[in-house]
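Novice: My structure is stored as my_file12.tsv, with TSV, C-alpha atoms.
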chain	number	residue	atom	x	y	z
A	1	MET	CA	104.07	128.46	107.29
A	2	GLU	CA	105.51	131.60	105.74
A	3	LEU	CA	104.93	131.59	101.98
A	4	LEU	CA	108.55	132.04	100.93
A	5	LEU	CA	109.79	129.31	103.25
A	6	ALA	CA	106.98	127.06	102.10
A	7	SER	CA	107.85	127.66	98.48
A	8	LEU	CA	111.48	126.78	99.03
A	9	LEU	CA	110.55	123.59	100.84
A	10	MET	CA	108.22	122.71	97.98
A	11	VAL	CA	110.90	123.20	95.37
A	12	MET	CA	113.39	121.12	97.32
A	13	GLY	CA	110.85	118.34	97.46
A	14	GLN	CA	109.60	118.47	93.93
A	15	VAL	CA	111.21	120.16	90.99
A	16	GLY	CA	113.79	117.65	89.82
A	17	THR	CA	111.77	116.84	86.77
A	18	GLU	CA	108.49	117.72	85.15
A	19	HIS	CA	107.29	114.16	85.29
A	20	PRO	CA	108.62	111.45	87.63
A	21	ASP	CA	110.83	109.28	85.48
A	22	VAL	CA	114.23	109.76	87.11
A	23	SER	CA	116.01	108.25	90.07
A	24	PHE	CA	115.79	109.58	93.60
A	25	GLU	CA	119.43	110.69	93.44
A	26	GLN	CA	118.74	112.72	90.29
A	27	LEU	CA	115.70	114.29	91.91
A	28	VAL	CA	117.74	115.32	94.95
A	29	GLN	CA	120.52	116.83	92.86
A	30	ALA	CA	118.15	118.73	90.61
A	31	SER	CA	116.12	120.03	93.53
A	32	LEU	CA	119.29	121.30	95.18
A	33	ASP	CA	120.06	123.17	91.97
A	34	SER	CA	116.62	124.73	91.89
A	35	LYS	CA	115.90	125.55	95.51
A	36	ASN	CA	116.26	129.30	94.89
A	37	ALA	CA	114.18	129.42	91.71
A	38	ILE	CA	111.11	131.11	93.17
A	39	VAL	CA	111.91	134.74	93.88
A	40	GLN	CA	109.32	137.02	92.33
A	41	GLN	CA	105.75	137.65	93.42
A	42	ALA	CA	103.29	137.59	90.55
A	43	ALA	CA	101.54	140.93	90.12
A	44	PRO	CA	97.82	140.88	90.96
A	45	GLY	CA	95.24	141.41	88.26
A	46	LEU	CA	97.53	140.65	85.34
A	47	ALA	CA	94.69	139.82	82.98
A	48	ALA	CA	92.97	143.08	83.84
A	49	ASN	CA	95.90	145.22	82.65
A	50	PRO	CA	95.04	146.44	79.11
A	51	ASN	CA	98.63	147.56	78.51
A	52	ASP	CA	100.12	144.12	79.04
A	53	ARG	CA	101.39	142.88	75.68
A	54	LEU	CA	101.00	139.33	76.92
A	55	ILE	CA	97.23	139.60	77.11
A	56	PRO	CA	95.76	137.56	74.21
A	57	ILE	CA	93.40	139.27	71.80
A	58	ASN	CA	90.18	137.57	70.71
A	59	LYS	CA	91.05	134.38	72.50
A	60	LYS	CA	88.56	131.66	71.56
A	61	ASP	CA	88.52	127.94	72.13
A	62	PRO	CA	89.04	126.37	68.67
A	63	GLN	CA	87.34	123.16	69.85
A	64	LYS	CA	84.28	124.04	71.85
A	65	ASP	CA	82.82	120.60	71.06
A	66	ALA	CA	85.84	118.72	72.42
A	67	PRO	CA	85.07	116.00	74.98
A	68	LYS	CA	85.90	116.31	78.67
A	69	VAL	CA	89.32	114.75	78.49
A	70	LYS	CA	90.34	111.88	80.76
A	71	GLY	CA	93.60	110.62	79.40
A	72	VAL	CA	96.82	108.70	79.84
A	73	TYR	CA	100.42	109.37	78.88
A	74	VAL	CA	101.77	107.18	76.05
A	75	THR	CA	105.42	107.06	75.04
A	76	ALA	CA	106.28	106.92	71.37
A	77	HIS	CA	107.60	103.38	71.87
A	78	SER	CA	104.25	102.32	73.34
A	79	ALA	CA	102.39	104.09	70.54
A	80	GLY	CA	104.48	102.33	67.91
A	81	GLY	CA	104.56	98.96	69.61
A	82	ALA	CA	102.48	96.13	71.01
A	83	ARG	CA	101.71	97.90	74.29
A	84	MET	CA	99.29	100.14	72.41
A	85	ASN	CA	96.86	97.23	72.12
A	86	THR	CA	96.70	97.00	75.93
A	87	LEU	CA	96.20	100.75	76.23
A	88	LEU	CA	93.43	100.73	73.64
A	89	LYS	CA	91.62	98.02	75.58
A	90	LEU	CA	91.90	100.16	78.72
A	91	LEU	CA	90.38	103.08	76.83
A	92	ASP	CA	87.65	100.91	75.34
A	93	ASP	CA	86.69	99.41	78.70
A	94	THR	CA	86.72	102.55	80.87
A	95	GLU	CA	85.72	106.20	80.96
A	96	LEU	CA	89.20	107.14	79.66
A	97	ASN	CA	89.00	108.76	76.25
A	98	SER	CA	92.35	110.36	75.41
A	99	VAL	CA	96.07	109.74	74.95
A	100	VAL	CA	98.98	112.15	75.29
A	101	VAL	CA	101.63	110.87	72.88
A	102	ASP	CA	105.30	111.88	72.69
A	103	ILE	CA	105.76	113.61	69.33
A	104	LYS	CA	108.94	115.42	70.37
A	105	ASP	CA	110.37	113.55	73.31
A	106	ASP	CA	112.45	114.36	76.38
A	107	TRP	CA	115.72	114.07	74.47
A	108	GLY	CA	114.49	116.25	71.62
A	109	TYR	CA	113.79	113.58	69.02
A	110	ILE	CA	110.81	113.97	66.71
A	111	THR	CA	109.29	110.52	67.00
A	112	TYR	CA	107.88	109.91	63.54
A	113	PRO	CA	108.72	110.83	59.93
A	114	THR	CA	106.83	114.08	59.36
A	115	GLY	CA	107.66	114.37	55.67
A	116	ASN	CA	108.67	117.97	56.32
A	117	PRO	CA	112.01	118.43	54.50
A	118	GLU	CA	113.20	121.24	56.75
A	119	LEU	CA	112.57	119.24	59.90
A	120	GLU	CA	114.06	116.07	58.50
A	121	ALA	CA	117.14	118.02	57.37
A	122	MET	CA	117.76	118.78	61.05
A	123	GLU	CA	118.44	115.04	61.58
A	124	THR	CA	116.45	115.08	64.81
A	125	THR	CA	113.84	112.55	63.68
A	126	GLN	CA	113.65	108.93	64.82
A	127	LYS	CA	111.22	106.49	63.23
A	128	ILE	CA	109.67	105.27	66.48
A	129	ILE	CA	106.06	105.56	65.33
A	130	SER	CA	106.61	104.13	61.88
A	131	ASP	CA	103.13	104.61	60.41
A	132	MET	CA	101.49	107.73	61.80
A	133	PRO	CA	98.45	107.67	59.46
A	134	LYS	CA	97.65	104.11	60.56
A	135	PHE	CA	98.12	105.05	64.22
A	136	MET	CA	95.78	108.01	63.91
A	137	THR	CA	93.18	105.91	62.09
A	138	THR	CA	93.32	103.38	64.91
A	139	LEU	CA	92.74	106.10	67.50
A	140	GLN	CA	89.81	107.41	65.50
A	141	GLU	CA	88.29	103.94	65.27
A	142	HIS	CA	88.46	103.67	69.06
A	143	GLN	CA	87.08	107.20	69.50
A	144	VAL	CA	90.22	108.37	71.26
A	145	TYR	CA	90.99	112.09	71.52
A	146	PRO	CA	94.65	112.51	70.46
A	147	ILE	CA	97.00	115.00	72.14
A	148	ALA	CA	100.56	115.56	70.92
A	149	ARG	CA	103.16	116.13	73.65
A	150	ILE	CA	106.04	118.33	72.54
A	151	VAL	CA	108.97	118.85	74.90
A	152	VAL	CA	110.12	122.36	74.06
A	153	PHE	CA	113.19	123.84	75.73
A	154	LYS	CA	114.73	120.70	77.21
A	155	ASP	CA	116.34	119.51	73.99
A	156	THR	CA	119.71	117.84	74.24
A	157	ILE	CA	119.72	116.77	70.59
A	158	LEU	CA	119.18	120.25	69.13
A	159	ALA	CA	121.55	121.80	71.67
A	160	LYS	CA	124.35	119.48	70.59
A	161	LYS	CA	123.69	120.11	66.91
A	162	ARG	CA	123.28	123.86	67.30
A	163	PRO	CA	125.14	125.09	70.42
A	164	GLU	CA	124.43	128.69	69.41
A	165	LEU	CA	120.77	127.99	70.20
A	166	SER	CA	121.69	126.76	73.67
A	167	PHE	CA	123.80	127.83	76.65
A	168	VAL	CA	127.59	127.63	76.50
A	169	ASN	CA	130.14	127.54	79.31
A	170	SER	CA	132.90	130.12	79.54
A	171	ASP	CA	135.34	127.59	78.03
A	172	GLY	CA	133.11	127.18	74.96
A	173	THR	CA	131.66	123.79	75.86
A	174	LEU	CA	127.95	123.09	75.81
A	175	TRP	CA	126.34	123.47	79.23
A	176	ASN	CA	124.30	120.63	80.68
A	177	ASN	CA	122.80	119.86	84.08
A	178	GLY	CA	124.62	116.56	84.34
A	179	LYS	CA	122.08	114.81	82.16
A	180	ASP	CA	120.30	117.18	79.76
A	181	SER	CA	120.88	120.35	77.82
A	182	PHE	CA	118.32	123.06	77.18
A	183	VAL	CA	117.84	125.39	74.25
A	184	ASN	CA	117.38	129.12	74.72
A	185	PRO	CA	113.79	130.40	75.21
A	186	TYR	CA	114.89	133.84	74.01
A	187	MET	CA	115.58	132.48	70.51
A	188	LYS	CA	112.74	132.79	68.01
A	189	GLU	CA	114.41	130.16	65.83
A	190	VAL	CA	113.85	127.71	68.69
A	191	TRP	CA	110.21	128.83	68.92
A	192	ASP	CA	109.63	128.31	65.21
A	193	TYR	CA	111.30	124.90	65.21
A	194	ASN	CA	108.97	123.62	67.91
A	195	ILE	CA	105.93	125.23	66.33
A	196	ALA	CA	106.85	123.58	63.01
A	197	VAL	CA	106.75	120.22	64.79
A	198	ALA	CA	103.40	121.17	66.32
A	199	LYS	CA	101.97	122.13	62.92
A	200	GLU	CA	102.98	118.76	61.52
A	201	ALA	CA	101.25	117.06	64.44
A	202	ALA	CA	98.13	119.07	63.71
A	203	LYS	CA	98.29	118.01	60.07
A	204	ALA	CA	98.63	114.39	61.20
A	205	GLY	CA	95.32	114.71	63.04
A	206	PHE	CA	96.16	115.56	66.63
A	207	LYS	CA	93.44	117.70	68.19
A	208	GLU	CA	95.62	119.37	70.81
A	209	ILE	CA	99.26	120.32	71.17
A	210	GLN	CA	100.61	119.98	74.69
A	211	PHE	CA	103.88	121.78	75.32
A	212	ASP	CA	106.10	120.49	78.13
A	213	TYR	CA	109.33	121.90	79.63
A	214	VAL	CA	108.24	125.42	78.78
A	215	ARG	CA	110.93	126.98	80.93
A	216	PHE	CA	114.59	127.64	81.55
A	217	PRO	CA	116.69	124.99	83.35
A	218	GLU	CA	116.32	124.56	87.11
A	219	GLY	CA	118.43	127.01	89.08
A	220	PHE	CA	119.12	129.11	85.99
A	221	GLU	CA	119.30	132.34	88.02
A	222	LYS	CA	122.56	131.08	89.54
A	223	ARG	CA	124.25	130.75	86.16
A	224	ALA	CA	122.40	133.33	84.05
A	225	ASP	CA	125.32	135.79	84.23
A	226	THR	CA	128.10	133.27	83.61
A	227	LEU	CA	126.79	131.24	80.69
A	228	LYS	CA	127.05	132.58	77.15
A	229	TYR	CA	123.75	132.85	75.25
A	230	ASP	CA	121.74	135.32	73.23
A	231	LYS	CA	119.26	137.38	75.23
A	232	ASP	CA	117.45	140.70	75.20
A	233	ASP	CA	115.89	142.99	77.78
A	234	ARG	CA	112.86	140.77	78.43
A	235	SER	CA	112.60	138.96	81.71
A	236	ARG	CA	112.78	135.19	81.57
A	237	ILE	CA	109.10	135.07	82.58
A	238	ASP	CA	108.12	137.28	79.63
A	239	ALA	CA	110.27	135.35	77.16
A	240	VAL	CA	108.57	132.08	78.11
A	241	ALA	CA	105.07	133.56	78.20
A	242	GLU	CA	105.59	135.23	74.82
A	243	PHE	CA	106.52	131.88	73.31
A	244	VAL	CA	103.25	130.44	74.60
A	245	LYS	CA	101.26	133.40	73.25
A	246	TYR	CA	102.98	133.13	69.86
A	247	ALA	CA	102.45	129.38	69.70
A	248	ARG	CA	98.72	129.69	70.32
A	249	GLU	CA	98.43	132.42	67.67
A	250	GLN	CA	100.19	130.15	65.17
A	251	LEU	CA	98.20	127.02	65.99
A	252	THR	CA	94.66	128.23	66.67
A	253	PRO	CA	93.94	128.81	62.94
A	254	LEU	CA	94.65	125.10	62.41
A	255	GLY	CA	91.78	124.22	64.75
A	256	VAL	CA	93.95	122.68	67.47
A	257	ARG	CA	93.92	123.51	71.13
A	258	VAL	CA	97.13	124.52	72.91
A	259	SER	CA	97.94	123.27	76.39
A	260	VAL	CA	100.98	123.65	78.63
A	261	ASP	CA	102.31	121.45	81.42
A	262	ILE	CA	103.41	123.46	84.44
A	263	PHE	CA	104.80	122.62	87.86
A	264	GLY	CA	101.97	121.99	90.30
A	265	TYR	CA	103.61	124.11	92.98
A	266	ALA	CA	103.40	127.14	90.66
A	267	ALA	CA	99.76	127.57	91.68
A	268	SER	CA	100.70	127.66	95.36
A	269	VAL	CA	103.68	130.02	95.41
A	270	PRO	CA	104.92	133.25	93.80
A	271	ALA	CA	106.16	133.35	90.22
A	272	ALA	CA	109.32	131.39	89.40
A	273	GLU	CA	111.58	134.02	87.85
A	274	GLY	CA	114.56	131.66	87.94
A	275	ILE	CA	113.03	129.22	85.46
A	276	GLY	CA	110.76	131.79	83.80
A	277	GLN	CA	107.37	130.34	84.70
A	278	ASP	CA	104.44	132.50	85.74
A	279	PHE	CA	101.26	130.48	86.22
A	280	VAL	CA	98.91	133.33	85.29
A	281	LYS	CA	100.81	134.69	82.28
A	282	ILE	CA	101.08	131.23	80.77
A	283	SER	CA	97.53	130.19	81.63
A	284	GLN	CA	95.85	133.18	80.06
A	285	ASN	CA	97.50	132.29	76.75
A	286	VAL	CA	96.45	128.63	76.54
A	287	ASP	CA	93.21	126.76	76.02
A	288	VAL	CA	94.12	124.18	78.66
A	289	ILE	CA	96.52	124.37	81.61
A	290	CYS	CA	97.92	121.11	82.97
A	291	PRO	CA	99.42	121.55	86.44
A	292	MET	CA	101.43	118.51	87.55
A	293	ILE	CA	100.00	117.98	91.04
A	294	TYR	CA	101.39	114.55	91.84
A	295	PRO	CA	101.03	114.02	95.62
A	296	SER	CA	104.53	112.52	95.78
A	297	HIS	CA	106.01	115.82	94.63
A	298	TYR	CA	104.83	117.80	97.66
A	299	SER	CA	107.03	117.87	100.75
A	300	THR	CA	106.14	117.43	104.41
A	301	GLY	CA	103.45	119.77	105.71
A	302	TRP	CA	101.87	120.83	102.47
A	303	PHE	CA	98.08	121.14	102.73
A	304	GLY	CA	98.37	119.92	106.32
A	305	ALA	CA	99.57	116.46	105.33
A	306	LYS	CA	102.56	114.97	107.10
A	307	VAL	CA	103.23	112.83	104.02
A	308	PRO	CA	101.34	114.30	101.04
A	309	ASP	CA	102.04	111.16	98.98
A	310	ALA	CA	100.11	109.14	101.57
A	311	ALA	CA	97.19	111.59	101.53
A	312	PRO	CA	96.11	111.77	97.88
A	313	TYR	CA	92.68	113.33	98.53
A	314	VAL	CA	94.00	116.00	100.88
A	315	THR	CA	96.88	116.92	98.57
A	316	ILE	CA	94.86	117.10	95.37
A	317	ASN	CA	92.10	119.00	97.17
A	318	GLY	CA	94.57	121.61	98.37
A	319	ALA	CA	96.34	121.88	95.02
A	320	SER	CA	93.01	122.28	93.21
A	321	LYS	CA	91.89	125.09	95.50
A	322	ASP	CA	95.19	126.89	95.01
A	323	THR	CA	94.88	126.49	91.22
A	324	HIS	CA	91.42	128.05	91.16
A	325	LYS	CA	92.58	130.91	93.37
A	326	LYS	CA	95.70	131.53	91.28
A	327	LEU	CA	93.63	131.77	88.11
A	328	GLU	CA	91.06	134.24	89.47
A	329	PRO	CA	92.87	137.23	87.84
A	330	THR	CA	92.50	135.69	84.37
A	331	GLY	CA	88.74	136.29	84.32
A	332	ASP	CA	87.30	135.37	80.94
A	333	LEU	CA	90.74	134.20	79.83
A	334	LYS	CA	90.74	131.34	82.34
A	335	PRO	CA	91.68	128.11	80.58
A	336	ILE	CA	90.32	124.63	81.15
A	337	ILE	CA	92.07	123.09	84.16
A	338	ARG	CA	93.24	119.56	83.39
A	339	PRO	CA	95.79	118.36	85.94
A	340	TRP	CA	98.28	115.55	85.69
A	341	ILE	CA	97.72	113.13	88.57
A	342	GLN	CA	99.65	110.16	89.90
A	343	ASP	CA	99.33	106.52	88.84
A	344	PHE	CA	102.73	105.32	90.04
A	345	THR	CA	104.33	104.46	93.35
A	346	ALA	CA	106.93	106.99	94.51
A	347	SER	CA	109.17	104.61	96.44
A	348	TRP	CA	111.80	107.33	96.92
A	349	VAL	CA	109.48	109.32	99.22
A	350	GLN	CA	109.83	108.65	102.95
A	351	GLY	CA	106.47	107.40	104.17
A	352	TYR	CA	105.20	106.71	100.65
A	353	VAL	CA	102.24	104.45	99.98
A	354	LYS	CA	101.78	102.00	97.14
A	355	TYR	CA	99.47	103.57	94.58
A	356	GLY	CA	96.55	101.51	93.35
A	357	LYS	CA	92.84	101.76	92.74
A	358	HIS	CA	92.00	103.60	95.98
A	359	GLU	CA	94.75	106.20	95.65
A	360	VAL	CA	93.93	107.00	92.03
A	361	GLU	CA	90.23	107.27	92.79
A	362	GLU	CA	90.88	109.54	95.78
A	363	GLN	CA	92.70	111.98	93.50
A	364	ILE	CA	89.83	111.96	91.02
A	365	ARG	CA	87.31	112.46	93.82
A	366	ALA	CA	89.23	115.49	95.07
A	367	LEU	CA	89.24	116.98	91.59
A	368	LYS	CA	85.49	116.48	91.20
A	369	ASP	CA	84.85	118.04	94.60
A	370	ASN	CA	86.59	121.14	93.27
A	371	GLY	CA	84.73	121.27	89.97
A	372	VAL	CA	87.58	119.80	87.92
A	373	ASP	CA	86.32	116.99	85.71
A	374	GLU	CA	89.28	116.57	83.35
A	375	PHE	CA	92.58	114.91	84.20
A	376	LEU	CA	95.60	113.06	82.81
A	377	LEU	CA	97.28	110.04	84.38
A	378	TRP	CA	101.06	109.80	84.43
A	379	ASN	CA	102.96	106.55	84.50
A	380	ALA	CA	106.38	106.72	82.86
A	381	VAL	CA	106.18	103.16	81.50
A	382	ASN	CA	102.46	103.36	80.69
A	383	THR	CA	101.36	100.62	83.11
A	384	TYR	CA	98.08	101.86	84.56
A	385	THR	CA	96.13	100.57	87.52
A	386	PRO	CA	93.27	98.20	86.54
A	387	ASN	CA	89.64	98.46	87.66
A	388	VAL	CA	89.72	102.16	88.51
A	389	ASP	CA	86.45	104.08	88.52
A	390	TYR	CA	87.49	107.11	86.47
A	391	ASP	CA	84.16	108.77	87.09
A	392	LYS	CA	84.58	108.69	90.87
A	393	SER	CA	82.23	110.95	92.82
Let's see the structure in the file written out as structure tokens.

Specialist:
Amino acid sequence: MELLLASLLMVMGQVGTEHPDVSFEQLVQASLDSKNAIVQQAAPGLAANPNDRLIPINKKDPQKDAPKVKGVYVTAHSAGGARMNTLLKLLDDTELNSVVVDIKDDWGYITYPTGNPELEAMETTQKIISDMPKFMTTLQEHQVYPIARIVVFKDTILAKKRPELSFVNSDGTLWNNGKDSFVNPYMKEVWDYNIAVAKEAAKAGFKEIQFDYVRFPEGFEKRADTLKYDKDDRSRIDAVAEFVKYAREQLTPLGVRVSVDIFGYAASVPAAEGIGQDFVKISQNVDVICPMIYPSHYSTGWFGAKVPDAAPYVTINGASKDTHKKLEPTGDLKPIIRPWIQDFTASWVQGYVKYGKHEVEEQIRALKDNGVDEFLLWNAVNTYTPNVDYDKS
């Protein structure tokens, strides 16, 4: 299949949301908005270009002794509630050793009292995790590696409070995609706000900061010239990648790793100028890259599978090979590859299968067969399949 056509089919089948926690109707609408996002071929050998200002200098892993992470997603409500006891038992009883916890969530709320007066003055904090020191002590007692998830540019709360940091319609109203608003990746004030949250998470004891929604809204290229927002002469790809580079420079001295979630299809297609994501430019500036390669998010025909959701090994195998190939230009700057994989049933997919022990293990086996021994499991409500062999070979 021709690459451009394949990329468009992929986007139509996948890009409604970073992680699958919306309805099928919302996925369809968002994918229609974003079907033209991928338009620019990534230049070969980016990391080899000494004149590229996006190349990191003296990049070093601040946590060379970190464990090989096998983790699960944990909402702030789970972290601050009774469900955490169930998740801790899962971690105690299996090879899982890490949690990715919402510290700035999908609406833009900071999920615990940081004690930072500037952040709290923004009135974007909710006391969901009421006692962060106790929570972190509990994780330490269970030998759990803590990762702080920070949703960056999808931020409805900040956009409503500060429309000048967002995108505004011609009539002066705040733009949204029918559900969410985004803040402007060109704005350094937005960068510093999110990095301030990340620094507080590092102070709280998180070992890694994972940035999500590091991009412009889906289909932005169709409205880039009609919305009102501050911008400069940088491309959207460079604006996003420069945020990532800046964030790592700010956070590495604190001893924390930086990771970024990125669409899984980004490893299989050209760069996504519309939303400002370039797999290579982002990857070379992080310690860990987390492509979201959920089988349910690939459309018919990908990797030779009629229904990729029903072929977890085949889909993850193909996605892993594409990821390795995409990262070849990064050379010594290649980050750890730690994909998000699927532990949920995608009932909205035609021909879907119910995901359980076999399907999760098949994904893990495909990763191992491609030399990838770290992964994260996504389930929006944090209900994970029991009795899985997370060391599947």

Novice: For Ser166 of chain A, which residue among A:Asp278, A:Asp230, A:Glu218, A:Asp212 is the nearest when counting all atoms listed in the file?

Specialist: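 When distances to Ser166 of chain A are compared using all atoms listed in the file, the smallest one comes from A:Asp230.
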
Novice: Rounded to one decimal place, report the atom CA of Lys357 of chain A-atom CA of Val69 of chain A distance in Å.

Specialist: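 Computing the Euclidean distance for atom CA of Lys357 of chain A and atom CA of Val69 of chain A yields 19.6 Å.
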
Novice: Quick one: of A:Lys70, A:Val197, A:Lys179, A:Tyr186, who's nearest to Ile103 of chain A, counting all atoms listed in the file?

Specialist: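 Distance minimum relative to Ile103 of chain A lands on A:Val197.
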
Novice: Excluding segment 151-158 of chain A and its own-chain neighbours fewer than 6 positions away, which residues fall within 8 Å of it when counting all atoms listed in the file? Please give them as a ChimeraX atom specification.

Specialist: /A:104-109,124,165,180-185,194,211-217

Novice: Now that the selection is made, can you save its residues with C-alpha atoms as a short mmCIF file (atom, residue, chain, number, x, y, z; two decimals), in the coordinates of the input?

Specialist:
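What follows is the written file selection.cif:
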data_model
loop_
_atom_site.label_atom_id
_atom_site.label_comp_id
_atom_site.auth_asym_id
_atom_site.auth_seq_id
_atom_site.Cartn_x
_atom_site.Cartn_y
_atom_site.Cartn_z
CA LYS A 104 108.94 115.42 70.37
CA ASP A 105 110.37 113.55 73.31
CA ASP A 106 112.45 114.36 76.38
CA TRP A 107 115.72 114.07 74.47
CA GLY A 108 114.49 116.25 71.62
CA TYR A 109 113.79 113.58 69.02
CA THR A 124 116.45 115.08 64.81
CA LEU A 165 120.77 127.99 70.20
CA ASP A 180 120.30 117.18 79.76
CA SER A 181 120.88 120.35 77.82
CA PHE A 182 118.32 123.06 77.18
CA VAL A 183 117.84 125.39 74.25
CA ASN A 184 117.38 129.12 74.72
CA PRO A 185 113.79 130.40 75.21
CA ASN A 194 108.97 123.62 67.91
CA PHE A 211 103.88 121.78 75.32
CA ASP A 212 106.10 120.49 78.13
CA TYR A 213 109.33 121.90 79.63
CA VAL A 214 108.24 125.42 78.78
CA ARG A 215 110.93 126.98 80.93
CA PHE A 216 114.59 127.64 81.55
CA PRO A 217 116.69 124.99 83.35
#

Novice: Excluding Ala247 of chain A and its own-chain neighbours fewer than 5 positions away, which residues fall within 8 Å of it when counting all atoms listed in the file? Please give them as number ranges by chain.

Specialist: A: 191, 195, 258

Novice: Please return as an mmCIF file with C-alpha atoms, keeping the file's coordinate frame every residue within 10 Å of (96.2, 118.2, 63.1), taking into account only C-alpha atoms and the file's own coordinates.

Specialist:
data_model
loop_
_atom_site.group_PDB
_atom_site.id
_atom_site.type_symbol
_atom_site.label_atom_id
_atom_site.label_comp_id
_atom_site.auth_asym_id
_atom_site.auth_seq_id
_atom_site.Cartn_x
_atom_site.Cartn_y
_atom_site.Cartn_z
ATOM 1 C CA PRO A 146 94.650 112.510 70.460
ATOM 2 C CA ILE A 147 97.000 115.000 72.140
ATOM 3 C CA ALA A 148 100.560 115.560 70.920
ATOM 4 C CA ALA A 198 103.400 121.170 66.320
ATOM 5 C CA LYS A 199 101.970 122.130 62.920
ATOM 6 C CA GLU A 200 102.980 118.760 61.520
ATOM 7 C CA ALA A 201 101.250 117.060 64.440
ATOM 8 C CA ALA A 202 98.130 119.070 63.710
ATOM 9 C CA LYS A 203 98.290 118.010 60.070
ATOM 10 C CA ALA A 204 98.630 114.390 61.200
ATOM 11 C CA GLY A 205 95.320 114.710 63.040
ATOM 12 C CA PHE A 206 96.160 115.560 66.630
ATOM 13 C CA LYS A 207 93.440 117.700 68.190
ATOM 14 C CA GLU A 208 95.620 119.370 70.810
ATOM 15 C CA ILE A 209 99.260 120.320 71.170
ATOM 16 C CA LEU A 251 98.200 127.020 65.990
ATOM 17 C CA LEU A 254 94.650 125.100 62.410
ATOM 18 C CA GLY A 255 91.780 124.220 64.750
ATOM 19 C CA VAL A 256 93.950 122.680 67.470
ATOM 20 C CA ARG A 257 93.920 123.510 71.130
#

Novice: List the spatial neighbours of Leu54 of chain A as a PDB file with C-alpha atoms, in the coordinates of the input - criterion: any atom at most 9 Å away, all atoms listed in the file, same-chain residues fewer than 4 positions off excluded.

Specialist:
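File result-v9.pdb, as written:
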ATOM      1  CA  ALA A  47      94.690 139.820  82.980  1.00  0.00           C
ATOM      2  CA  ASP A 238     108.120 137.280  79.630  1.00  0.00           C
ATOM      3  CA  ALA A 241     105.070 133.560  78.200  1.00  0.00           C
ATOM      4  CA  GLU A 242     105.590 135.230  74.820  1.00  0.00           C
ATOM      5  CA  LYS A 245     101.260 133.400  73.250  1.00  0.00           C
ATOM      6  CA  LYS A 281     100.810 134.690  82.280  1.00  0.00           C
ATOM      7  CA  ILE A 282     101.080 131.230  80.770  1.00  0.00           C
ATOM      8  CA  GLN A 284      95.850 133.180  80.060  1.00  0.00           C
ATOM      9  CA  ASN A 285      97.500 132.290  76.750  1.00  0.00           C
TER      10      ASN A 285
END

Novice: Please indicate the distance in Å from atom CA of Arg53 of chain A to atom CA of Ala271 of chain A, rounded to one decimal place.

Specialist: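 One can read the atom CA of Arg53 of chain A to atom CA of Ala271 of chain A distance as 18.0 Å.
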